[in-house]
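Peer 1: Quick one, entry_4.txt (compact mmCIF, C-alpha atoms):
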```txt
# COMPACT_ATOMS: atom_id res chain seq x y z
CA MET A 1 -116.12 -73.65 -116.82
CA ALA A 2 -113.58 -74.33 -114.12
CA LEU A 3 -110.56 -72.10 -113.66
CA ILE A 4 -107.36 -74.05 -114.30
CA VAL A 5 -104.25 -73.21 -112.29
CA SER A 6 -100.81 -74.57 -113.07
CA ILE A 7 -98.23 -74.61 -110.27
CA SER A 8 -94.53 -74.97 -111.01
CA GLN A 9 -92.94 -78.11 -109.58
CA GLN A 10 -89.55 -76.43 -109.15
CA LYS A 11 -90.58 -72.98 -107.95
CA PRO A 12 -94.15 -73.36 -106.75
CA ALA A 13 -96.31 -70.28 -106.18
CA VAL A 14 -97.41 -71.87 -102.91
CA GLY A 15 -99.88 -69.14 -101.94
CA ALA A 16 -101.65 -69.60 -105.27
CA ALA A 17 -101.76 -73.38 -104.77
CA LEU A 18 -103.24 -72.89 -101.30
CA ALA A 19 -105.93 -70.55 -102.64
CA ALA A 20 -106.77 -72.99 -105.44
CA GLU A 21 -106.87 -75.96 -103.06
CA PHE A 22 -109.00 -74.02 -100.54
CA LEU A 23 -111.55 -73.19 -103.26
CA LYS A 24 -111.49 -76.72 -104.67
CA ILE A 25 -112.17 -78.26 -101.25
CA SER A 26 -115.07 -75.90 -100.70
CA GLY A 27 -116.64 -76.96 -103.99
CA SER A 28 -115.72 -74.02 -106.24
CA ALA A 29 -114.99 -74.63 -109.91
CA VAL A 30 -111.19 -74.54 -109.62
CA ASN A 31 -108.67 -77.17 -110.61
CA TRP A 32 -104.95 -77.05 -110.08
CA SER A 33 -102.02 -79.31 -110.79
CA PHE A 34 -98.25 -79.21 -110.91
CA GLY A 35 -96.84 -78.22 -114.27
CA ALA A 36 -93.96 -76.38 -115.94
CA ASP A 37 -94.76 -72.93 -114.56
CA ASN A 38 -97.07 -70.91 -112.35
CA SER A 39 -99.97 -69.60 -114.39
CA LEU A 40 -103.65 -68.90 -114.62
CA SER A 41 -105.13 -67.69 -117.91
CA ALA A 42 -108.02 -65.37 -117.14
CA ASN A 43 -108.62 -64.81 -120.84
CA LYS A 44 -106.43 -64.88 -123.93
CA ASP A 45 -104.79 -61.55 -123.09
CA ALA A 46 -104.55 -61.84 -119.31
CA VAL A 47 -102.28 -64.48 -117.82
CA PHE A 48 -101.34 -64.21 -114.16
CA THR A 49 -98.07 -65.77 -113.05
CA SER A 50 -97.25 -64.56 -109.54
CA SER A 51 -98.57 -66.01 -106.31
CA ALA A 52 -100.15 -62.66 -105.36
CA SER A 53 -101.94 -62.17 -108.68
CA ILE A 54 -103.19 -65.74 -109.07
CA GLY A 55 -104.47 -65.61 -105.50
CA ARG A 56 -106.15 -62.26 -105.97
CA PHE A 57 -107.81 -63.29 -109.20
CA LEU A 58 -109.10 -66.53 -107.65
CA ALA A 59 -110.41 -64.70 -104.59
CA ARG A 60 -112.19 -62.13 -106.75
CA SER A 61 -113.67 -64.82 -108.97
CA PHE A 62 -115.22 -66.47 -105.92
CA PRO A 63 -116.11 -63.54 -103.65
CA ALA A 64 -118.26 -65.73 -101.37
CA SER A 65 -115.05 -67.44 -100.20
CA ASN A 66 -114.08 -64.15 -98.47
CA LEU A 67 -110.44 -65.01 -99.21
CA GLN A 68 -109.82 -61.27 -99.61
CA GLY A 69 -111.55 -60.49 -96.32
CA GLU A 70 -115.06 -59.22 -95.78
CA THR A 71 -115.03 -55.43 -95.41
CA ILE A 72 -113.07 -52.94 -97.47
CA LEU A 73 -110.74 -52.47 -94.50
CA GLU A 74 -110.10 -56.22 -94.25
CA LYS A 75 -109.45 -56.36 -97.99
CA THR A 76 -106.84 -53.64 -97.62
CA GLU A 77 -105.27 -55.36 -94.61
CA VAL A 78 -104.95 -58.48 -96.77
CA ASP A 79 -103.09 -56.35 -99.35
CA HIS A 80 -100.84 -55.06 -96.58
CA TRP A 81 -99.88 -58.63 -95.59
CA ILE A 82 -99.32 -59.72 -99.18
CA ASN A 83 -96.84 -56.85 -99.60
CA PHE A 84 -95.27 -57.66 -96.24
CA ALA A 85 -94.85 -61.35 -97.12
CA TYR A 86 -93.28 -60.86 -100.53
CA GLY A 87 -91.39 -57.74 -99.39
CA GLN A 88 -89.88 -57.49 -95.90
CA LEU A 89 -90.42 -61.12 -94.88
CA SER A 90 -88.74 -62.35 -98.09
CA CYS A 91 -85.70 -60.16 -97.59
CA ALA A 92 -82.95 -61.92 -95.59
CA SER A 93 -81.68 -58.71 -94.01
CA ASP A 94 -85.15 -57.62 -92.85
CA PHE A 95 -86.22 -61.08 -91.70
CA ALA A 96 -85.53 -60.68 -87.97
CA THR A 97 -87.46 -57.38 -87.73
CA ALA A 98 -90.28 -58.78 -89.85
CA ILE A 99 -90.67 -61.86 -87.61
CA GLU A 100 -90.69 -59.68 -84.51
CA TYR A 101 -93.51 -57.56 -85.97
CA LEU A 102 -95.42 -60.67 -87.05
CA ASP A 103 -95.08 -62.15 -83.57
CA TYR A 104 -96.48 -58.98 -82.02
CA VAL A 105 -99.49 -58.90 -84.35
CA LEU A 106 -100.26 -62.60 -83.88
CA LYS A 107 -100.25 -62.42 -80.10
CA PRO A 108 -104.05 -62.06 -79.78
CA ALA A 109 -104.94 -63.53 -83.18
CA THR A 110 -105.50 -66.90 -84.83
CA TYR A 111 -105.56 -65.51 -88.36
CA LEU A 112 -103.88 -62.40 -89.73
CA VAL A 113 -107.06 -60.69 -90.90
CA GLY A 114 -110.49 -61.10 -89.36
CA ASN A 115 -111.58 -64.47 -88.02
CA ALA A 116 -110.96 -66.70 -91.01
CA LEU A 117 -108.33 -67.75 -93.52
CA THR A 118 -107.47 -65.19 -96.18
CA LEU A 119 -104.84 -64.68 -98.87
CA ALA A 120 -102.83 -62.96 -96.12
CA ASP A 121 -102.29 -66.29 -94.32
CA PHE A 122 -101.48 -68.07 -97.58
CA ALA A 123 -98.83 -65.49 -98.52
CA VAL A 124 -97.17 -65.34 -95.11
CA TRP A 125 -97.21 -69.14 -94.69
CA GLU A 126 -95.71 -69.54 -98.18
CA VAL A 127 -92.77 -67.32 -97.32
CA LEU A 128 -92.22 -68.87 -93.87
CA GLN A 129 -92.41 -72.42 -95.22
CA GLY A 130 -89.91 -71.69 -97.97
CA SER A 131 -87.49 -69.78 -95.75
CA SER A 132 -84.40 -71.61 -94.51
CA GLN A 133 -84.07 -68.90 -91.85
CA TRP A 134 -87.54 -69.80 -90.55
CA GLN A 135 -86.99 -73.56 -90.79
CA ARG A 136 -83.78 -73.11 -88.79
CA ALA A 137 -85.62 -71.01 -86.20
CA LEU A 138 -88.26 -73.76 -85.87
CA GLN A 139 -85.55 -76.30 -84.97
CA LYS A 140 -84.08 -74.06 -82.29
CA SER A 141 -86.35 -71.47 -80.77
CA ALA A 142 -88.88 -69.52 -82.77
CA PRO A 143 -90.90 -66.58 -81.44
CA GLN A 144 -93.86 -68.27 -79.77
CA ASN A 145 -96.80 -66.62 -81.50
CA VAL A 146 -95.45 -67.14 -85.01
CA ASP A 147 -94.47 -70.68 -83.99
CA ARG A 148 -98.02 -71.45 -82.80
CA TYR A 149 -99.57 -69.80 -85.87
CA TYR A 150 -97.33 -71.60 -88.36
CA LYS A 151 -97.77 -75.03 -86.77
CA PHE A 152 -101.53 -74.57 -86.44
CA LEU A 153 -101.85 -73.74 -90.13
CA CYS A 154 -99.72 -76.77 -91.08
CA THR A 155 -102.37 -79.06 -89.60
CA GLN A 156 -105.30 -77.35 -91.33
CA ALA A 157 -106.75 -77.75 -94.81
CA PRO A 158 -105.61 -76.59 -97.36
CA PHE A 159 -102.06 -76.44 -95.92
CA SER A 160 -101.99 -80.09 -94.82
CA SER A 161 -102.76 -81.35 -98.31
CA VAL A 162 -100.38 -79.00 -100.14
CA LEU A 163 -97.40 -79.32 -97.77
CA PRO A 164 -96.38 -82.94 -98.57
CA ASN A 165 -96.07 -82.01 -102.26
CA LEU A 166 -93.68 -79.10 -101.76
CA PRO A 167 -89.94 -79.29 -102.44
CA GLN A 168 -87.78 -79.93 -99.39
CA VAL A 169 -86.43 -76.68 -97.91
CA GLU A 170 -82.72 -76.81 -97.31
CA VAL A 171 -81.89 -75.71 -93.79
CA LYS A 172 -78.55 -74.08 -94.33
CA ASP A 173 -76.28 -73.32 -91.44
CA THR A 174 -75.01 -69.83 -92.02
CA LYS A 175 -71.99 -70.18 -89.77
CA LYS A 176 -68.91 -69.60 -91.84
CA GLY A 177 -66.35 -72.33 -92.12
CA ASP A 178 -68.85 -75.15 -91.90
CA ALA A 179 -68.42 -77.69 -94.65
CA PRO A 180 -71.64 -78.49 -96.49
CA VAL A 181 -73.27 -81.56 -94.99
CA LYS A 182 -73.86 -84.28 -97.53
CA ALA B 1 -120.10 -31.76 -122.45
CA ALA B 2 -117.13 -33.89 -121.49
CA ALA B 3 -117.67 -36.35 -118.68
CA SER B 4 -115.82 -35.52 -115.51
CA PRO B 5 -112.61 -37.53 -115.15
CA THR B 6 -112.84 -40.61 -113.02
CA VAL B 7 -110.24 -42.81 -111.45
CA GLY B 8 -111.17 -46.45 -111.60
CA ALA B 9 -113.76 -48.33 -113.55
CA ALA B 10 -117.20 -47.30 -114.65
CA ALA B 11 -120.04 -46.17 -112.47
CA THR B 12 -120.68 -48.23 -109.39
CA SER B 13 -122.32 -51.47 -110.32
CA ALA B 14 -124.92 -53.16 -108.24
CA SER B 15 -123.12 -54.85 -105.42
CA SER B 16 -123.56 -55.89 -101.86
CA ASP B 17 -120.28 -54.22 -100.92
CA GLN B 18 -121.03 -51.59 -98.31
CA SER B 19 -119.23 -48.29 -98.28
CA PRO B 20 -118.37 -46.93 -94.84
CA LEU B 21 -119.13 -43.48 -96.22
CA GLN B 22 -122.56 -42.58 -94.98
CA ASN B 23 -124.41 -39.43 -94.19
CA GLY B 24 -124.26 -38.33 -90.59
CA LYS B 25 -121.29 -40.59 -89.83
CA LEU B 26 -117.73 -39.36 -90.10
CA HIS B 27 -115.23 -41.92 -91.37
CA ASP B 28 -111.82 -41.05 -89.92
CA LEU B 29 -108.49 -41.84 -91.61
CA VAL B 30 -105.18 -40.91 -90.06
CA ILE B 31 -102.13 -41.19 -92.29
CA SER B 32 -98.61 -40.81 -90.91
CA ALA B 33 -96.01 -40.06 -93.54
CA ASP B 34 -92.37 -39.10 -93.68
CA PRO B 35 -91.83 -35.60 -95.07
CA SER B 36 -88.99 -36.99 -97.22
CA SER B 37 -91.49 -39.01 -99.27
CA ALA B 38 -94.84 -37.29 -99.56
CA PRO B 39 -97.63 -39.63 -100.78
CA LEU B 40 -98.70 -37.53 -103.78
CA SER B 41 -101.24 -40.14 -104.91
CA LEU B 42 -103.26 -39.24 -101.83
CA LEU B 43 -103.92 -35.75 -103.21
CA VAL B 44 -105.15 -37.10 -106.53
CA LEU B 45 -107.46 -39.64 -104.93
CA LEU B 46 -108.82 -37.15 -102.40
CA LYS B 47 -109.59 -34.78 -105.25
CA GLN B 48 -111.61 -37.57 -106.78
CA LEU B 49 -113.31 -38.46 -103.48
CA SER B 50 -114.27 -34.84 -102.90
CA THR B 51 -116.55 -35.03 -105.94
CA GLN B 52 -118.50 -37.81 -104.21
CA CYS B 53 -118.60 -36.74 -100.58
CA GLN B 54 -117.68 -33.98 -98.17
CA VAL B 55 -114.06 -34.43 -97.11
CA LEU B 56 -112.63 -32.77 -94.02
CA THR B 57 -108.83 -32.54 -94.18
CA SER B 58 -106.03 -31.45 -91.89
CA THR B 59 -102.26 -31.69 -91.57
CA PHE B 60 -100.19 -31.96 -88.39
CA VAL B 61 -96.47 -32.12 -87.70
CA HIS B 62 -95.25 -34.62 -85.11
CA SER B 63 -92.39 -33.58 -82.83
CA SER B 64 -90.09 -36.07 -84.60
CA ALA B 65 -90.40 -34.13 -87.84
CA THR B 66 -90.06 -30.49 -86.86
CA ASP B 67 -87.87 -29.97 -89.94
CA THR B 68 -90.91 -30.53 -92.19
CA PRO B 69 -90.75 -27.90 -94.96
CA GLU B 70 -93.26 -25.05 -94.78
CA LYS B 71 -94.87 -26.14 -98.02
CA LEU B 72 -95.74 -29.62 -96.68
CA ARG B 73 -97.31 -28.16 -93.54
CA ALA B 74 -100.20 -27.21 -95.80
CA PHE B 75 -100.26 -30.57 -97.64
CA LEU B 76 -103.96 -31.13 -97.04
CA HIS B 77 -105.65 -27.82 -96.80
CA ASN B 78 -109.28 -26.96 -96.80
CA GLY B 79 -110.96 -23.75 -97.61
CA PRO B 80 -112.90 -22.27 -94.72
CA GLN B 81 -114.72 -25.23 -93.24
CA THR B 82 -118.37 -24.52 -93.16
CA GLY B 83 -120.80 -26.38 -90.99
CA ALA B 84 -120.38 -28.90 -88.23
CA ARG B 85 -118.27 -32.05 -88.43
CA SER B 86 -121.50 -33.95 -88.91
CA THR B 87 -121.92 -32.47 -92.37
CA TYR B 88 -118.80 -34.33 -93.55
CA GLN B 89 -118.57 -38.03 -94.41
CA LEU B 90 -114.79 -38.44 -94.55
CA ALA B 91 -112.05 -36.94 -92.39
CA VAL B 92 -108.46 -37.36 -93.54
CA THR B 93 -105.56 -36.27 -91.37
CA VAL B 94 -101.93 -36.34 -92.44
CA VAL B 95 -99.31 -36.39 -89.70
CA TRP B 96 -95.73 -35.72 -90.81
CA LYS B 97 -93.54 -38.00 -88.74
CA LYS B 98 -90.19 -39.78 -89.00
CA ILE B 99 -91.10 -43.32 -90.05
CA ALA B 100 -89.13 -46.03 -91.78
CA ASN B 101 -91.32 -47.95 -94.22
CA GLY B 102 -93.45 -45.51 -96.15
CA PRO B 103 -96.74 -44.00 -95.03
CA ARG B 104 -99.04 -45.76 -92.58
CA MET B 105 -102.78 -45.53 -92.36
CA MET B 106 -104.87 -46.10 -89.26
CA VAL B 107 -108.55 -46.60 -89.87
CA SER B 108 -109.76 -48.15 -86.69
CA PRO B 109 -107.46 -47.42 -83.75
CA THR B 110 -109.23 -49.88 -81.44
CA ARG B 111 -108.12 -52.70 -83.71
CA GLN B 112 -104.52 -51.56 -83.38
CA THR B 113 -103.51 -52.56 -86.85
CA TYR B 114 -102.16 -50.27 -89.50
CA VAL B 115 -101.95 -50.50 -93.24
CA GLU B 116 -98.53 -49.68 -94.63
CA GLY B 117 -97.42 -48.37 -98.01
CA GLU B 118 -98.70 -45.72 -100.38
CA ALA B 119 -100.09 -48.37 -102.76
CA ASN B 120 -102.18 -49.96 -100.02
CA ILE B 121 -103.54 -46.63 -98.82
CA ALA B 122 -104.50 -45.96 -102.45
CA ARG B 123 -106.26 -49.34 -102.58
CA TYR B 124 -108.32 -48.37 -99.56
CA LEU B 125 -109.28 -45.01 -101.05
CA SER B 126 -110.19 -46.72 -104.34
CA ARG B 127 -112.50 -49.02 -102.43
CA LEU B 128 -114.08 -46.02 -100.73
CA LEU B 129 -114.55 -44.42 -104.15
CA GLN B 130 -115.99 -47.55 -105.62
CA PRO B 131 -117.21 -50.22 -103.21
CA ALA B 132 -117.38 -52.71 -106.10
CA TYR B 133 -113.65 -52.15 -106.80
CA ASP B 134 -112.86 -55.85 -106.31
CA SER B 135 -116.00 -57.47 -107.63
CA SER B 136 -116.92 -55.52 -110.75
CA ASP B 137 -114.03 -56.63 -112.99
CA ALA B 138 -111.69 -59.23 -111.51
CA ILE B 139 -109.20 -59.13 -114.38
CA THR B 140 -108.76 -55.35 -114.43
CA ALA B 141 -108.55 -55.12 -110.65
CA THR B 142 -105.84 -57.80 -110.57
CA GLN B 143 -103.89 -56.13 -113.39
CA ILE B 144 -104.03 -52.87 -111.44
CA ASP B 145 -102.70 -54.72 -108.38
CA GLU B 146 -99.70 -55.96 -110.36
CA LEU B 147 -98.75 -52.34 -111.14
CA LEU B 148 -99.38 -51.21 -107.57
CA ASP B 149 -97.09 -54.02 -106.36
CA LEU B 150 -94.49 -52.93 -108.92
CA SER B 151 -94.61 -49.35 -107.62
CA GLN B 152 -94.21 -50.52 -104.04
CA GLN B 153 -91.59 -53.21 -104.42
CA GLN B 154 -89.58 -52.32 -107.53
CA ILE B 155 -89.77 -48.52 -107.68
CA LEU B 156 -90.04 -47.35 -104.07
CA GLY B 157 -88.40 -50.37 -102.43
CA GLY B 158 -86.07 -51.45 -105.23
CA ASN B 159 -82.40 -50.91 -106.03
CA ASN B 160 -81.22 -49.19 -109.22
CA LYS B 161 -81.36 -52.39 -111.24
CA GLU B 162 -84.94 -53.14 -110.17
CA ARG B 163 -85.96 -49.56 -110.86
CA SER B 164 -84.56 -49.71 -114.40
CA ALA B 165 -86.39 -52.99 -114.99
CA ALA B 166 -89.61 -51.41 -113.72
CA LEU B 167 -89.21 -48.44 -116.07
CA ARG B 168 -88.68 -50.84 -118.99
CA THR B 169 -91.86 -52.72 -118.05
CA LEU B 170 -93.80 -49.45 -117.89
CA ASN B 171 -92.33 -48.25 -121.17
CA ALA B 172 -93.36 -51.44 -122.95
CA ARG B 173 -96.94 -51.18 -121.65
CA LEU B 174 -97.16 -47.50 -122.55
CA GLY B 175 -95.95 -48.22 -126.09
CA LYS B 176 -99.23 -50.04 -126.68
CA ALA B 177 -101.65 -47.91 -124.70
CA GLN B 178 -102.09 -44.42 -123.36
CA TRP B 179 -102.74 -45.51 -119.76
CA LEU B 180 -101.27 -48.35 -117.71
CA VAL B 181 -104.40 -50.49 -117.40
CA GLY B 182 -107.42 -50.31 -119.66
CA ALA B 183 -108.59 -47.43 -121.79
CA SER B 184 -108.70 -44.73 -119.15
CA LEU B 185 -106.83 -43.35 -116.18
CA SER B 186 -106.86 -45.76 -113.22
CA VAL B 187 -105.45 -45.84 -109.70
CA ALA B 188 -102.46 -47.68 -111.20
CA ASP B 189 -101.51 -44.50 -113.11
CA VAL B 190 -101.94 -42.36 -110.02
CA VAL B 191 -99.77 -44.50 -107.72
CA VAL B 192 -97.07 -45.36 -110.26
CA TRP B 193 -96.84 -41.67 -111.25
CA SER B 194 -96.36 -40.76 -107.60
CA ALA B 195 -93.69 -43.45 -107.12
CA VAL B 196 -91.73 -42.50 -110.28
CA GLN B 197 -91.81 -38.83 -109.28
CA GLY B 198 -90.98 -39.57 -105.66
CA ALA B 199 -87.97 -41.66 -106.69
CA ARG B 200 -86.97 -38.81 -109.06
CA LEU B 201 -86.87 -41.13 -112.07
CA GLY B 202 -88.77 -38.80 -114.40
CA GLY B 203 -85.72 -37.08 -115.89
CA ASP B 204 -84.07 -40.21 -117.26
CA ALA B 205 -87.24 -42.15 -118.03
CA PRO B 206 -87.69 -43.76 -121.46
CA ALA B 207 -89.79 -41.90 -124.05
CA ASN B 208 -93.20 -43.52 -123.52
CA VAL B 209 -92.92 -43.10 -119.77
CA LYS B 210 -92.00 -39.42 -120.17
CA LYS B 211 -94.98 -38.81 -122.41
CA TRP B 212 -97.27 -40.57 -119.92
CA LEU B 213 -95.86 -38.61 -116.95
CA LYS B 214 -96.65 -35.43 -118.83
CA ALA B 215 -100.21 -36.58 -119.60
CA CYS B 216 -100.78 -37.40 -115.92
CA GLY B 217 -99.38 -34.05 -114.83
CA GLU B 218 -101.78 -32.26 -117.16
CA ASN B 219 -104.82 -34.17 -115.95
CA GLU B 220 -107.25 -32.12 -113.93
CA LEU B 221 -107.18 -34.51 -110.98
CA PHE B 222 -103.39 -34.10 -110.58
CA GLN B 223 -103.36 -30.31 -110.28
CA GLU B 224 -103.03 -30.23 -106.50
CA ALA B 225 -100.43 -33.02 -106.47
CA VAL B 226 -98.11 -31.43 -109.05
CA LYS B 227 -97.61 -28.48 -106.70
CA PHE B 228 -95.70 -30.81 -104.36
CA LEU B 229 -93.40 -32.43 -106.92
CA PRO B 230 -89.85 -32.67 -105.63
CA PRO B 231 -87.45 -30.33 -107.45
CA SER B 232 -85.96 -32.20 -110.40
```
Show how you would write the structure in this file as structure tokens.
Peer 2:
Amino acid sequence: MALIVSISQQKPAVGAALAAEFLKISGSAVNWSFGADNSLSANKDAVFTSSASIGRFLARSFPASNLQGETILEKTEVDHWINFAYGQLSCASDFATAIEYLDYVLKPATYLVGNALTLADFAVWEVLQGSSQWQRALQKSAPQNVDRYYKFLCTQAPFSSVLPNLPQVEVKDTKKGDAPVK
Amino acid sequence: AAASPTVGAAATSASSDQSPLQNGKLHDLVISADPSSAPLSLLVLLKQLSTQCQVLTSTFVHSSATDTPEKLRAFLHNGPQTGARSTYQLAVTVVWKKIANGPRMMVSPTRQTYVEGEANIARYLSRLLQPAYDSSDAITATQIDELLDLSQQQILGGNNKERSAALRTLNARLGKAQWLVGASLSVADVVVWSAVQGARLGGDAPANVKKWLKACGENELFQEAVKFLPPS
């Protein structure tokens, strides 16, 4: 029986959608579609609703995908990046420091953990994509390693198929006194 | 006779997951932590690990943290260490240091990456304890992760409002069950206990949480950790 994932149209758990799409493309028994909310029912008592939990449950259900990483150290590094993405990187006041750290780590790397896509990339890409601070940085000058990493992922499956379906991110200008542009 | 207490799920199931803990090879973990927030969960999990393998422990004080209290200078202490390093499988070193975002663990210095946060260090130790941590029961492991994330983001990293919400969530869960996930003590209990105590939320916690804190504190595995509880 296929696992069914619902992704909210308004507030999509993008990382979860990416994990579901990745597994679907690779032939795993996962289906996802846009719906009223973000959810995956594992059984009648266990329903997961956050991007991190849906992603983790999917990755564990299909361990051959290595979406959690391969070794126990890689798995724990993936957890580190999930916390980083939904913690520091999601916090407006920590954003600059978080991007600087991310840029440093990505200097020699294509992916955040190991040599393949993991939940870590899905979580960090989700937060970057949905961040008006990041979208603004992309238009001006973004730190080069994060810039390369983000744009590379945008062209790859599953990102390229999920991206066109995501809500438009408003690129707000934070300068005070500016009238909202209509 | 009563079974010895275990943290985590049942006995290791058949799995291809490889543990780095092997005879004749010392697995080295270095954990830097700020003396203002001691990772008490580490003591509980190491107690558990020491029933499975020989653990070599030590504590150092970095020059940035010379004000580390005397008590914490003996955070990880061993009895007289007998035998050569080669008779141990795991070496854990705590370095007290001034750092901003919670404890950091370095497993493989050549890779130059670190794992940050008490919850994530606990995840690593749980995987050492039980290599099939992720694969044996996907639902339970993911439910445990939700509580570990709650400890990290809402209790340790949260403001007062988020902390109150977290305590209400815990209280509701503990109204229906004795432990946070499943029928027995899990790493979720260990890490959330440490976070609630570290944030000094025990005194004003709702009734079910208070009862659960007491049950954790009385558990055999917590006996070393309770010695380092901050004064309430």
Peer 1: Taking only C-alpha atoms into account, find every residue of chain A that has an atom no more than 7 Å from chain B, and write it out as a list of chain:residue names.
Peer 2: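 Interface list for chain A against chain B: A:Ala42, A:Ser53, A:Arg56, A:Phe57, A:Arg60, A:Ser61, A:Ile72, A:Leu73, A:Thr76, A:Glu77, A:Asp79, A:His80, A:Gly87.
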Peer 1: Which one is closest to Val127 in chain A: A:Leu89, A:Ala59, A:Leu18, A:Ile82? Count all atoms listed in the file.
Peer 2: A:Leu89
Peer 1: Quick one: everything within 10 Å of Ser58 in chain B, counting all atoms listed in the file, minus sequence neighbours fewer than 3 positions away in the same chain. Send it as JSON, numbers by chain.
Peer 2: {"B": [30, 73, 74, 75, 76, 77, 78, 91, 92, 93, 94, 95]}
Peer 1: Name the residues in contact with Ser41 in chain A at a cut-off of 9 Å, using all atoms listed in the file, excluding same-chain residues fewer than 4 positions from it; report them as a ChimeraX atom specification.
Peer 2: /A:3-5,45-49
Peer 1: How would the residues just chosen look if you wrote them out with C-alpha atoms as a tab-separated table (two decimals), keeping the file's coordinate frame?
Peer 2:
```tsv
chain	number	residue	atom	x	y	z
A	3	LEU	CA	-110.56	-72.10	-113.66
A	4	ILE	CA	-107.36	-74.05	-114.30
A	5	VAL	CA	-104.25	-73.21	-112.29
A	45	ASP	CA	-104.79	-61.55	-123.09
A	46	ALA	CA	-104.55	-61.84	-119.31
A	47	VAL	CA	-102.28	-64.48	-117.82
A	48	PHE	CA	-101.34	-64.21	-114.16
A	49	THR	CA	-98.07	-65.77	-113.05
```
Peer 1: If I take CA of Asp103 in chain A and CA of Asn159 in chain B, how far is one from the other in Å, to one decimal?
Peer 2: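 Value for the CA of Asp103 in chain A-CA of Asn159 in chain B distance: 28.1 Å.
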